[in-house]
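**Q** For reference, this is coords.cif, and it has mmCIF, C-alpha atoms.
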```
data_input
#
loop_
_atom_site.label_atom_id
_atom_site.label_comp_id
_atom_site.auth_asym_id
_atom_site.auth_seq_id
_atom_site.Cartn_x
_atom_site.Cartn_y
_atom_site.Cartn_z
CA MET A 28 0.00 0.00 0.00
CA ARG A 29 1.06 3.60 -0.51
CA LEU A 30 1.28 6.52 1.91
CA ARG A 31 -0.26 9.70 0.63
CA GLN A 32 -0.22 13.30 1.81
CA ALA A 33 -3.64 14.58 2.90
CA SER A 34 -4.85 17.80 1.35
CA ARG A 35 -5.41 20.72 3.69
CA TYR A 36 -9.11 20.45 3.09
CA ALA A 37 -9.29 16.75 3.96
CA LEU A 38 -7.19 17.33 7.06
CA ALA A 39 -9.47 20.13 8.20
CA VAL A 40 -12.54 17.94 7.69
CA THR A 41 -10.91 15.11 9.59
CA MET A 42 -9.90 17.25 12.56
CA ALA A 43 -13.29 18.92 12.81
CA ALA A 44 -15.11 15.60 12.73
CA ALA A 45 -12.71 14.12 15.28
CA ILE A 46 -13.36 16.94 17.73
CA GLY A 47 -17.09 16.35 17.25
CA VAL A 48 -16.87 12.79 18.53
CA GLY A 49 -14.79 13.63 21.61
CA LEU A 50 -11.12 12.80 21.17
CA TRP A 51 -8.65 12.56 24.02
CA PRO A 52 -6.54 15.72 24.26
CA GLY A 53 -3.02 15.40 22.93
CA SER A 54 -3.55 12.15 21.07
CA GLY A 55 -0.92 13.29 18.58
CA ARG A 56 -0.88 12.85 14.82
CA GLY A 57 2.88 12.97 14.55
CA GLY A 58 3.43 9.21 14.42
CA ALA A 59 5.14 8.70 17.80
CA PRO A 60 2.62 7.34 20.33
CA LEU A 61 2.03 9.26 23.54
CA ALA A 62 2.51 7.63 26.90
CA ALA A 63 -0.78 6.11 28.02
CA GLU A 64 -1.82 7.22 31.51
CA HIS A 65 -4.53 4.58 31.42
CA PRO A 66 -3.34 2.01 28.88
CA SER A 67 -5.95 -0.05 27.10
CA LEU A 68 -3.60 -3.00 26.50
CA ARG A 69 -0.99 -4.71 28.63
CA GLN A 70 1.60 -7.09 27.23
CA ILE A 71 1.34 -10.47 28.96
CA ALA A 72 3.48 -12.76 26.78
CA GLU A 73 5.88 -13.01 23.89
CA PHE A 74 7.31 -15.97 22.04
CA GLU A 75 9.61 -16.73 19.14
CA LEU A 76 8.32 -17.65 15.70
CA PRO A 77 10.26 -19.95 13.37
CA GLY A 78 11.91 -18.57 10.27
CA PRO A 79 14.45 -15.85 9.53
CA ALA A 80 14.49 -12.74 11.70
CA GLY A 81 13.74 -9.32 10.25
CA LYS A 82 11.30 -10.52 7.60
CA ARG A 83 7.93 -8.84 7.17
CA PHE A 84 4.73 -10.32 8.57
CA ASP A 85 1.24 -9.78 7.21
CA TYR A 86 -2.30 -10.86 8.10
CA LEU A 87 -3.37 -13.06 10.99
CA THR A 88 -6.63 -14.87 11.54
CA ILE A 89 -8.11 -17.34 14.01
CA ASP A 90 -9.28 -20.88 13.31
CA PRO A 91 -11.97 -21.19 16.02
CA ASP A 92 -12.57 -24.89 15.41
CA ASP A 93 -9.01 -25.84 16.34
CA ASN A 94 -8.24 -22.80 18.53
CA TYR A 95 -5.36 -21.84 16.26
CA LEU A 96 -3.85 -18.49 15.42
CA LEU A 97 -2.69 -18.41 11.79
CA SER A 98 0.10 -15.91 11.11
CA ALA A 99 1.33 -15.05 7.60
CA HIS A 100 5.10 -14.48 7.51
CA LEU A 101 5.25 -12.70 4.16
CA GLY A 102 8.98 -12.13 3.87
CA ALA A 103 9.81 -15.71 4.84
CA GLY A 104 7.11 -17.43 2.78
CA LEU A 105 5.78 -19.26 5.84
CA LEU A 106 2.47 -19.72 7.65
CA HIS A 107 2.82 -20.17 11.42
CA VAL A 108 0.16 -22.14 13.30
CA VAL A 109 -0.08 -21.25 17.00
CA ASP A 110 -2.12 -23.04 19.67
CA LEU A 111 -3.96 -20.22 21.43
CA ARG A 112 -4.27 -22.23 24.64
CA THR A 113 -0.52 -22.55 25.12
CA ASN A 114 1.01 -19.90 22.82
CA ALA A 115 3.02 -22.73 21.29
CA VAL A 116 3.85 -22.94 17.59
CA VAL A 117 2.44 -26.33 16.61
CA ASP A 118 3.31 -26.19 12.92
CA THR A 119 4.83 -23.99 10.23
CA VAL A 120 3.70 -24.46 6.64
CA ALA A 121 6.30 -23.67 3.99
CA ASP A 122 5.88 -23.16 0.24
CA VAL A 123 3.51 -20.20 0.53
CA PRO A 124 5.73 -17.59 -1.18
CA GLY A 125 4.99 -14.00 -0.26
CA VAL A 126 1.94 -14.99 1.79
CA GLU A 127 -0.24 -11.98 2.63
CA GLY A 128 -3.89 -12.80 3.26
CA VAL A 129 -4.98 -15.86 5.21
CA ALA A 130 -8.48 -17.23 5.82
CA TYR A 131 -9.81 -20.28 7.63
CA ILE A 132 -12.46 -22.03 5.53
CA ALA A 133 -14.60 -24.07 7.91
CA GLU A 134 -16.24 -25.91 5.03
CA GLY A 135 -13.71 -28.66 4.36
CA ARG A 136 -11.42 -27.55 7.22
CA LYS A 137 -8.84 -25.80 5.10
CA ILE A 138 -6.87 -22.58 4.96
CA TYR A 139 -6.56 -20.22 2.02
CA THR A 140 -3.36 -18.20 1.67
CA ALA A 141 -2.92 -15.28 -0.74
CA ASN A 142 0.59 -15.87 -2.10
CA TRP A 143 1.89 -12.67 -3.67
CA GLY A 144 5.17 -14.38 -4.60
CA GLU A 145 3.41 -16.58 -7.16
CA ASN A 146 0.07 -14.76 -7.63
CA LYS A 147 -1.85 -17.80 -6.45
CA ILE A 148 -4.12 -18.94 -3.65
CA GLY A 149 -2.64 -21.79 -1.67
CA VAL A 150 -5.13 -24.34 -0.35
CA ILE A 151 -3.91 -25.96 2.89
CA ASP A 152 -5.46 -29.09 4.37
CA VAL A 153 -5.67 -28.42 8.13
CA ALA A 154 -5.43 -32.11 9.03
CA ARG A 155 -2.15 -32.49 7.11
CA MET A 156 -0.96 -28.87 7.37
CA ALA A 157 0.22 -29.10 3.78
CA VAL A 158 -0.52 -27.22 0.56
CA VAL A 159 -2.74 -29.47 -1.56
CA LYS A 160 -3.74 -27.13 -4.37
CA ARG A 161 -2.92 -23.75 -5.95
CA LEU A 162 -5.41 -21.47 -7.67
CA PRO A 163 -4.20 -18.81 -10.11
CA THR A 164 -5.17 -15.24 -9.28
CA GLU A 165 -4.06 -11.91 -10.73
CA ALA A 166 -1.48 -9.37 -9.56
CA LYS A 167 -0.88 -9.20 -5.80
CA PRO A 168 -3.54 -11.29 -4.10
CA ASP A 169 -4.04 -9.78 -0.65
CA GLY A 170 -7.01 -9.87 1.73
CA ILE A 171 -9.55 -12.73 1.74
CA ALA A 172 -13.19 -12.70 2.88
CA TYR A 173 -15.11 -15.94 3.46
CA ALA A 174 -18.86 -15.82 2.79
CA ALA A 175 -19.81 -19.17 4.33
CA PRO A 176 -23.56 -19.23 3.46
CA PHE A 177 -22.66 -18.78 -0.21
CA HIS A 178 -19.78 -21.29 -0.20
CA LYS A 179 -17.48 -18.59 -1.57
CA ALA A 180 -14.30 -16.71 -0.79
CA TYR A 181 -13.40 -13.28 -2.18
CA VAL A 182 -9.77 -12.36 -2.79
CA SER A 183 -8.61 -8.81 -3.50
CA ASN A 184 -6.06 -8.79 -6.32
CA GLU A 185 -4.80 -5.39 -5.28
CA ARG A 186 -2.64 -4.34 -8.22
CA ALA A 187 -4.82 -6.02 -10.82
CA LYS A 188 -7.77 -3.91 -9.59
CA ALA A 189 -9.86 -7.05 -9.32
CA GLU A 190 -11.68 -9.41 -6.98
CA SER A 191 -11.46 -13.16 -7.53
CA VAL A 192 -14.45 -15.27 -6.47
CA ILE A 193 -13.66 -18.83 -5.33
CA ASP A 194 -16.10 -21.70 -4.91
CA VAL A 195 -14.81 -23.24 -1.68
CA ARG A 196 -16.54 -26.57 -2.38
CA THR A 197 -14.46 -27.19 -5.49
CA ASP A 198 -11.55 -24.80 -4.87
CA THR A 199 -12.01 -23.19 -8.27
CA ILE A 200 -12.12 -19.58 -9.47
CA GLN A 201 -15.70 -18.87 -10.53
CA LYS A 202 -15.52 -15.23 -11.54
CA VAL A 203 -13.32 -12.14 -11.54
CA LEU A 204 -14.86 -8.74 -10.79
CA ARG A 205 -12.96 -5.75 -12.16
CA PHE A 206 -12.68 -2.17 -10.90
CA ASP A 207 -10.90 1.01 -11.93
CA SER A 208 -9.08 1.21 -8.58
CA GLU A 209 -6.72 -0.97 -6.59
CA THR A 210 -8.74 -3.13 -4.23
CA GLY A 211 -8.25 -3.18 -0.46
CA VAL A 212 -9.24 -5.65 2.21
CA PRO A 213 -12.66 -7.31 1.57
CA GLN A 214 -15.13 -8.09 4.37
CA TYR A 215 -18.22 -10.30 4.42
CA ASP A 216 -21.23 -8.95 6.32
CA PRO A 217 -23.35 -11.89 7.58
CA VAL A 218 -26.24 -9.60 8.56
CA ALA A 219 -26.59 -7.70 5.28
CA ARG A 220 -25.28 -10.74 3.36
CA LYS A 221 -23.00 -8.54 1.31
CA VAL A 222 -19.27 -8.29 0.61
CA TYR A 223 -17.54 -4.91 0.97
CA VAL A 224 -14.35 -3.97 -0.85
CA ASN A 225 -12.25 -0.84 -0.36
CA LEU A 226 -11.42 0.99 -3.59
CA GLN A 227 -8.40 2.73 -2.21
CA ASP A 228 -7.33 4.83 -5.19
CA ASP A 229 -10.51 6.87 -5.41
CA ASN A 230 -11.59 6.80 -1.76
CA SER A 231 -14.75 4.79 -2.22
CA PHE A 232 -16.00 1.31 -1.42
CA ALA A 233 -17.96 -1.23 -3.39
CA VAL A 234 -20.78 -3.54 -2.32
CA ILE A 235 -21.00 -7.02 -3.86
CA ASP A 236 -24.06 -9.26 -3.77
CA PRO A 237 -22.67 -12.81 -3.30
CA SER A 238 -25.84 -14.42 -4.64
CA ALA A 239 -25.09 -13.02 -8.11
CA ASP A 240 -21.47 -11.89 -7.70
CA ALA A 241 -22.52 -8.51 -8.99
CA VAL A 242 -21.45 -5.06 -7.79
CA VAL A 243 -24.67 -3.49 -6.49
CA GLY A 244 -23.30 -0.25 -5.10
CA ARG A 245 -20.31 2.05 -5.00
CA TYR A 246 -20.07 4.90 -2.51
CA PRO A 247 -17.56 7.66 -1.70
CA VAL A 248 -15.95 7.73 1.74
CA GLN A 249 -15.78 11.36 2.79
CA GLY A 250 -12.75 12.56 4.74
CA CYS A 251 -10.71 9.43 4.02
CA ARG A 252 -7.67 8.96 1.80
CA GLY A 253 -6.02 5.68 0.86
CA HIS A 254 -8.21 3.28 2.85
CA HIS A 255 -6.81 -0.23 2.62
CA GLY A 256 -7.50 -1.82 6.00
CA MET A 257 -11.11 -2.45 7.03
CA THR A 258 -13.12 -4.34 9.59
CA ILE A 259 -16.84 -4.31 10.31
CA ASP A 260 -19.37 -4.55 13.13
CA PRO A 261 -22.26 -6.34 11.38
CA ALA A 262 -24.61 -6.17 14.37
CA ARG A 263 -24.43 -2.37 14.54
CA HIS A 264 -24.04 -1.81 10.78
CA ARG A 265 -20.67 -0.08 11.05
CA ALA A 266 -17.43 -0.34 9.09
CA PHE A 267 -14.06 0.92 10.31
CA LEU A 268 -11.61 2.05 7.63
CA ALA A 269 -7.92 2.75 8.17
CA CYS A 270 -7.21 5.78 5.99
CA GLU A 271 -3.42 5.70 5.77
CA GLY A 272 -3.25 8.69 3.45
CA ASN A 273 -4.43 11.08 6.16
CA ASP A 274 -3.83 8.99 9.31
CA THR A 275 -7.52 8.73 10.12
CA LEU A 276 -9.91 6.04 11.28
CA THR A 277 -13.19 6.59 9.44
CA VAL A 278 -16.41 5.07 10.78
CA LEU A 279 -18.93 4.28 8.05
CA ASP A 280 -22.68 3.75 8.49
CA LEU A 281 -23.43 0.68 6.36
CA ASP A 282 -27.10 1.58 6.06
CA THR A 283 -26.65 5.11 4.72
CA HIS A 284 -23.18 4.49 3.25
CA ARG A 285 -21.94 7.72 4.83
CA ALA A 286 -19.00 8.52 7.09
CA ILE A 287 -20.18 9.41 10.58
CA ALA A 288 -16.88 9.87 12.46
CA HIS A 289 -13.19 10.56 11.80
CA LEU A 290 -10.55 9.96 14.49
CA PRO A 291 -6.77 10.47 14.26
CA MET A 292 -4.39 7.50 14.26
CA ALA A 293 -0.65 7.00 14.49
CA LYS A 294 1.19 6.96 11.17
CA GLY A 295 1.58 3.84 9.06
CA ALA A 296 -1.89 2.41 9.71
CA ASP A 297 -2.60 -0.97 8.17
CA VAL A 298 -4.66 -3.81 9.67
CA VAL A 299 -7.84 -2.98 11.64
CA MET A 300 -9.58 -5.38 14.03
CA PHE A 301 -12.72 -5.13 16.18
CA ASP A 302 -13.64 -6.69 19.52
CA PRO A 303 -17.47 -6.63 19.51
CA GLU A 304 -18.02 -7.38 23.20
CA LEU A 305 -15.65 -4.65 24.38
CA GLY A 306 -16.56 -2.23 21.60
CA ARG A 307 -12.85 -1.78 20.86
CA ILE A 308 -11.24 -1.00 17.51
CA TYR A 309 -7.52 -1.69 17.15
CA VAL A 310 -5.28 -0.45 14.33
CA ALA A 311 -1.72 -1.70 13.81
CA CYS A 312 0.51 1.25 12.84
CA SER A 313 4.04 0.62 11.61
CA SER A 314 5.35 3.85 13.17
CA GLY A 315 5.36 1.98 16.48
CA ALA A 316 1.85 2.02 17.91
CA ILE A 317 -1.45 0.24 18.16
CA SER A 318 -4.09 2.96 17.89
CA VAL A 319 -7.12 2.13 20.03
CA PHE A 320 -10.69 3.43 19.85
CA HIS A 321 -13.84 2.78 21.84
CA MET A 322 -17.42 2.67 20.60
CA ASP A 323 -19.68 4.04 23.34
CA ASP A 324 -22.69 3.42 21.09
CA PRO A 325 -23.17 3.21 17.31
CA ALA A 326 -23.11 7.02 17.05
CA HIS A 327 -20.33 7.92 19.49
CA PHE A 328 -16.65 6.96 19.38
CA ARG A 329 -13.60 7.87 21.45
CA LYS A 330 -9.91 7.65 20.77
CA LEU A 331 -7.98 6.03 23.61
CA PRO A 332 -4.24 6.57 24.09
CA ASP A 333 -2.02 4.82 21.56
CA VAL A 334 -0.24 1.71 22.84
CA PRO A 335 3.52 1.85 22.10
CA VAL A 336 4.87 -1.25 20.35
CA GLU A 337 7.91 -2.14 18.28
CA PRO A 338 8.15 -0.30 14.94
CA ARG A 339 7.06 -2.10 11.75
CA ILE A 340 4.24 -3.94 13.51
CA HIS A 341 1.45 -3.42 11.00
CA SER A 342 -0.78 -6.43 11.60
CA LEU A 343 -2.73 -7.87 14.50
CA ALA A 344 -5.54 -10.23 15.43
CA VAL A 345 -8.13 -10.17 18.22
CA ASP A 346 -9.41 -13.27 19.97
CA ALA A 347 -12.99 -12.21 20.76
CA ARG A 348 -13.32 -14.98 23.35
CA THR A 349 -10.37 -13.93 25.53
CA HIS A 350 -10.06 -10.30 24.31
CA ARG A 351 -6.37 -10.88 23.73
CA VAL A 352 -4.55 -9.06 20.94
CA TYR A 353 -1.74 -10.73 18.96
CA ALA A 354 0.85 -8.75 17.01
CA PRO A 355 3.87 -10.22 15.13
CA ALA A 356 7.12 -8.25 15.08
CA GLU A 357 10.08 -8.22 12.69
CA ARG A 358 12.13 -5.91 14.95
CA GLU A 359 12.84 -5.81 18.67
CA LYS A 360 14.98 -3.17 20.37
CA GLY A 361 16.48 -2.16 17.05
CA ARG A 362 17.44 -5.68 15.97
CA PRO A 363 15.87 -8.14 13.52
CA ALA A 364 13.37 -10.45 15.20
CA SER A 365 10.68 -13.03 14.53
CA LYS A 366 8.32 -12.83 17.49
CA MET A 367 4.71 -12.71 18.52
CA PHE A 368 3.59 -10.28 21.23
CA VAL A 369 0.43 -10.98 23.23
CA PHE A 370 -1.63 -8.30 24.97
CA GLU A 371 -4.66 -8.39 27.23
CA ALA A 372 -7.35 -5.73 27.19
CA LEU A 373 -7.65 -3.37 30.16
CA ALA A 374 -10.68 -1.29 31.11
CA ASP A 375 -10.51 2.31 29.92
#
```
Using structure tokens, write down the structure from this file.
**A**
Amino acid sequence: MRLRQASRYALAVTMAAAIGVGLWPGSGRGGAPLAAEHPSLRQIAEFELPGPAGKRFDYLTIDPDDNYLLSAHLGAGLLHVVDLRTNAVVDTVADVPGVEGVAYIAEGRKIYTANWGENKIGVIDVARMAVVKRLPTEAKPDGIAYAAPFHKAYVSNERAKAESVIDVRTDTIQKVLRFDSETGVPQYDPVARKVYVNLQDDNSFAVIDPSADAVVGRYPVQGCRGHHGMTIDPARHRAFLACEGNDTLTVLDLDTHRAIAHLPMAKGADVVMFDPELGRIYVACSSGAISVFHMDDPAHFRKLPDVPVEPRIHSLAVDARTHRVYAPAEREKGRPASKMFVFEALAD
């Protein structure tokens, strides 16, 4: 993804909207996180991950059936499988070159990996923890959304400006949807039964109907530039977009398709995750912070103090059952590393 400079107008809109939703004073936009008087996260564990140190990590996801954390080690071409009960690495799958996106497909108990290094989707059999099939995609497969009721997965081919649709019953590409913008992280909404895709070049997002694999809407995202990362709260009809071009978290009303809040983040924002029970939004920022936000109700949001972490951490996962946050690191104290940091949520 690309960093962009916000225009003065967009910055003014962002700051005005942020004040309107009640930001914490001094929650700086300069990239370096401020010390948290009342931190929202506390580190409780760390452990080594196999593979070469100093290599970039990408997406993580949770396999709830096996209680696994799945961590894509992009620079090493590895997928780490971690037992969430013990924080032990139980397996590492090789031969997933440039792995970015990762999704657990409950139907058939398999894992899909978006392998940028070969522009393919790797299909991993969970029982064997081995790649059993490869599906050709287009340039730079990235995020993956699994629409279980439709037996489909949606893969953003970021640089090809496309979305590949996979039938998870046969592991075959069924259709490719094309756009005039690079595509960001897709999300499946089980309440609206729609798939959302960020169109990060022109600051809009698209809505796909999985029953027909047709684009049924395209809407601008006001006050947001370069939104790649996204997560959603289906129950409250909200989407949270990480706008890296102007260091802003934008909250989108999925019913009206309008932005309802803008809150400042640390620089280098990438992956966004949501804890529905706590009403917490977490954003991994490579400048050295996890930016944290709280949803008081569907119309009111607060920025909490940034949580300082190692630089170049730009991905994380949330275990909604334990409220723990997992973040892989390629650096520690200025040196190359290959580690996972574990945090627990604290009351704000």
**Q** Can you tell me which residues surround Cys312 in chain A at a distance of at most 7 Å, considering only C-alpha atoms, apart from same-chain residues fewer than 5 positions away, and format the answer as a PyMOL selection string?
**A** chain A and resi 293-297+317+340-341
**Q** CA of Tyr173 in chain A and CA of Pro213 in chain A are how many Å apart?
**A**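 Between CA of Tyr173 in chain A and CA of Pro213 in chain A the gap works out to 9.2 Å.
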**Q** If you measure from CA of Arg136 in chain A to CA of Pro217 in chain A, what distance in Å do you get, rounded to one decimal?
**A** 19.7 Å
**Q** Using the chain letters and numbers from the file, give me the residues hit by the PyMOL selection byres ((chain A and resi 274) around 6), as an MDAnalysis selection string.
**A** chainID A and resid 270:273 275 291:292 294
**Q** Please return as a PyMOL selection string every residue within 9 Å of (-9.4, -21.0, 3.4), taking into account all atoms listed in the file and the file's own coordinates.
**A** chain A and resi 129-140+149-151+171+173+180+195
**Q** On this structure, which residues satisfy the PyMOL selection byres ((chain A and resi 208) around 8), written as a list of chain:residue names?
**A**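 Applied to this file, the PyMOL selection byres ((chain A and resi 208) around 8) returns A:Lys188, A:Phe206, A:Asp207, A:Glu209, A:Thr210, A:Leu226, A:Gln227, A:Asp228, A:Asp229.
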**Q** Could you take the residues named above and write them with C-alpha atoms, as a PDB file, keeping the file's coordinate frame?
**A**
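Output file selection_17.pdb is given in full below:
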```pdb
ATOM      1  CA  LYS A 188      -7.770  -3.910  -9.590  1.00  0.00           C
ATOM      2  CA  PHE A 206     -12.680  -2.170 -10.900  1.00  0.00           C
ATOM      3  CA  ASP A 207     -10.900   1.010 -11.930  1.00  0.00           C
ATOM      4  CA  GLU A 209      -6.720  -0.970  -6.590  1.00  0.00           C
ATOM      5  CA  THR A 210      -8.740  -3.130  -4.230  1.00  0.00           C
ATOM      6  CA  LEU A 226     -11.420   0.990  -3.590  1.00  0.00           C
ATOM      7  CA  GLN A 227      -8.400   2.730  -2.210  1.00  0.00           C
ATOM      8  CA  ASP A 228      -7.330   4.830  -5.190  1.00  0.00           C
ATOM      9  CA  ASP A 229     -10.510   6.870  -5.410  1.00  0.00           C
TER      10      ASP A 229
END
```
**Q** Looking at only C-alpha atoms, which of A:Ser314, A:Thr197, A:Ser231, A:Asn114 is the one that sits closest to Arg252 in chain A?
**A**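 Nearest to Arg252 in chain A: A:Ser231.
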**Q** Looking at all atoms listed in the file, which of A:Glu357, A:Asp280, A:Asp375, A:Asp346 is the one that sits closest to Phe320 in chain A?
**A**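 Ranked by minimum distance to Phe320 in chain A, first place goes to A:Asp375.
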**Q** In Å to one decimal, how far is CA of Tyr215 in chain A from CA of Asp282 in chain A?
**A**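 These two atoms are separated by 14.9 Å.
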**Q** From the options A:Tyr95, A:Tyr181, A:Tyr246, A:Tyr353, which residue's atoms come nearest to Thr283 in chain A, counting all atoms listed in the file?
**A**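 Selected residue with least distance to Thr283 in chain A: A:Tyr246.
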**Q** Using all atoms listed in the file, which residue out of A:Leu279, A:Arg307, A:Phe328, A:Ala239 lies closest to Ala374 in chain A?
**A** A:Arg307
**Q** Given the point (-0.7, -15.6, 13.2) in the coordinates of this file, which residues lie within 12 Å, counting only C-alpha atoms, and how would they look as an MDAnalysis selection string?
**A** chainID A and resid 74:77 84:90 94:101 105:111 114:120 126:131 342:346 352:356 365:369
**Q** Select, from A:Arg265, A:Lys221, A:Arg329, A:His255, the residue with the minimum atom-to-atom distance to Leu290 in chain A, counting all atoms listed in the file.
**A**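 Ranking A:Arg265, A:Lys221, A:Arg329, A:His255 by distance to Leu290 in chain A, first place goes to A:Arg329.
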**Q** Quick one: of A:His178, A:Lys82, A:Arg285, A:Arg348, who's nearest to Arg362 in chain A, counting all atoms listed in the file?
**A**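 Closest residue, counting all atoms listed in the file: A:Lys82.
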**Q** Applying 12 Å and only C-alpha atoms, which residues near Pro261 in chain A remain after dropping the ones on its own chain fewer than 2 positions away? List them as a list in words.
**A** Gln214, Tyr215, Asp216, Pro217, Val218, Ala219, Arg220, Lys221, Val222, Tyr223, Thr258, Ile259, Arg263, His264, Arg265, Ala266, Phe267, Leu279, Asp280, Leu281, Asp282, Phe301, Asp302, Pro303 and Pro325 of chain A
**Q** Please define a box with edges along x, y and z of the file around all atoms of range 80-84 of chain A given in the file, extend it by 5 Å on each side, and return its centre and edge lengths in Å to one decimal, as JSON.
**A**
```
{"center_x": 9.6, "center_y": -10.8, "center_z": 9.4, "size_x": 19.8, "size_y": 13.9, "size_z": 14.5}
```
**Q** Step by step, work through what the PyMOL selection byres ((chain A and resi 234) around 7) selects in the shown file, and finish by giving those residues as a list in words.
**A**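 Evaluating the PyMOL selection byres ((chain A and resi 234) around 7) on these coordinates yields Lys221, Val222, Tyr223, Val224, Phe232, Ala233, Ile235, Asp236, Val242, Val243, Gly244 and Arg245 of chain A.
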**Q** Got time to write the residues from that selection, C-alpha atoms, as a short mmCIF file (atom, residue, chain, number, x, y, z; two decimals), in the coordinates of the input?
**A**
```
data_model
loop_
_atom_site.label_atom_id
_atom_site.label_comp_id
_atom_site.auth_asym_id
_atom_site.auth_seq_id
_atom_site.Cartn_x
_atom_site.Cartn_y
_atom_site.Cartn_z
CA LYS A 221 -23.00 -8.54 1.31
CA VAL A 222 -19.27 -8.29 0.61
CA TYR A 223 -17.54 -4.91 0.97
CA VAL A 224 -14.35 -3.97 -0.85
CA PHE A 232 -16.00 1.31 -1.42
CA ALA A 233 -17.96 -1.23 -3.39
CA ILE A 235 -21.00 -7.02 -3.86
CA ASP A 236 -24.06 -9.26 -3.77
CA VAL A 242 -21.45 -5.06 -7.79
CA VAL A 243 -24.67 -3.49 -6.49
CA GLY A 244 -23.30 -0.25 -5.10
CA ARG A 245 -20.31 2.05 -5.00
#
```
**Q** List the spatial neighbours of Ile71 in chain A as a PDB file with C-alpha atoms, in the coordinates of the input - criterion: any atom at most 7 Å away, only C-alpha atoms, same-chain residues fewer than 2 positions off excluded.
**A**
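In the end it all went to part_9.pdb:
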```
ATOM      1  CA  ARG A  69      -0.990  -4.710  28.630  1.00  0.00           C
ATOM      2  CA  VAL A 369       0.430 -10.980  23.230  1.00  0.00           C
ATOM      3  CA  PHE A 370      -1.630  -8.300  24.970  1.00  0.00           C
ATOM      4  CA  GLU A 371      -4.660  -8.390  27.230  1.00  0.00           C
TER       5      GLU A 371
END
```
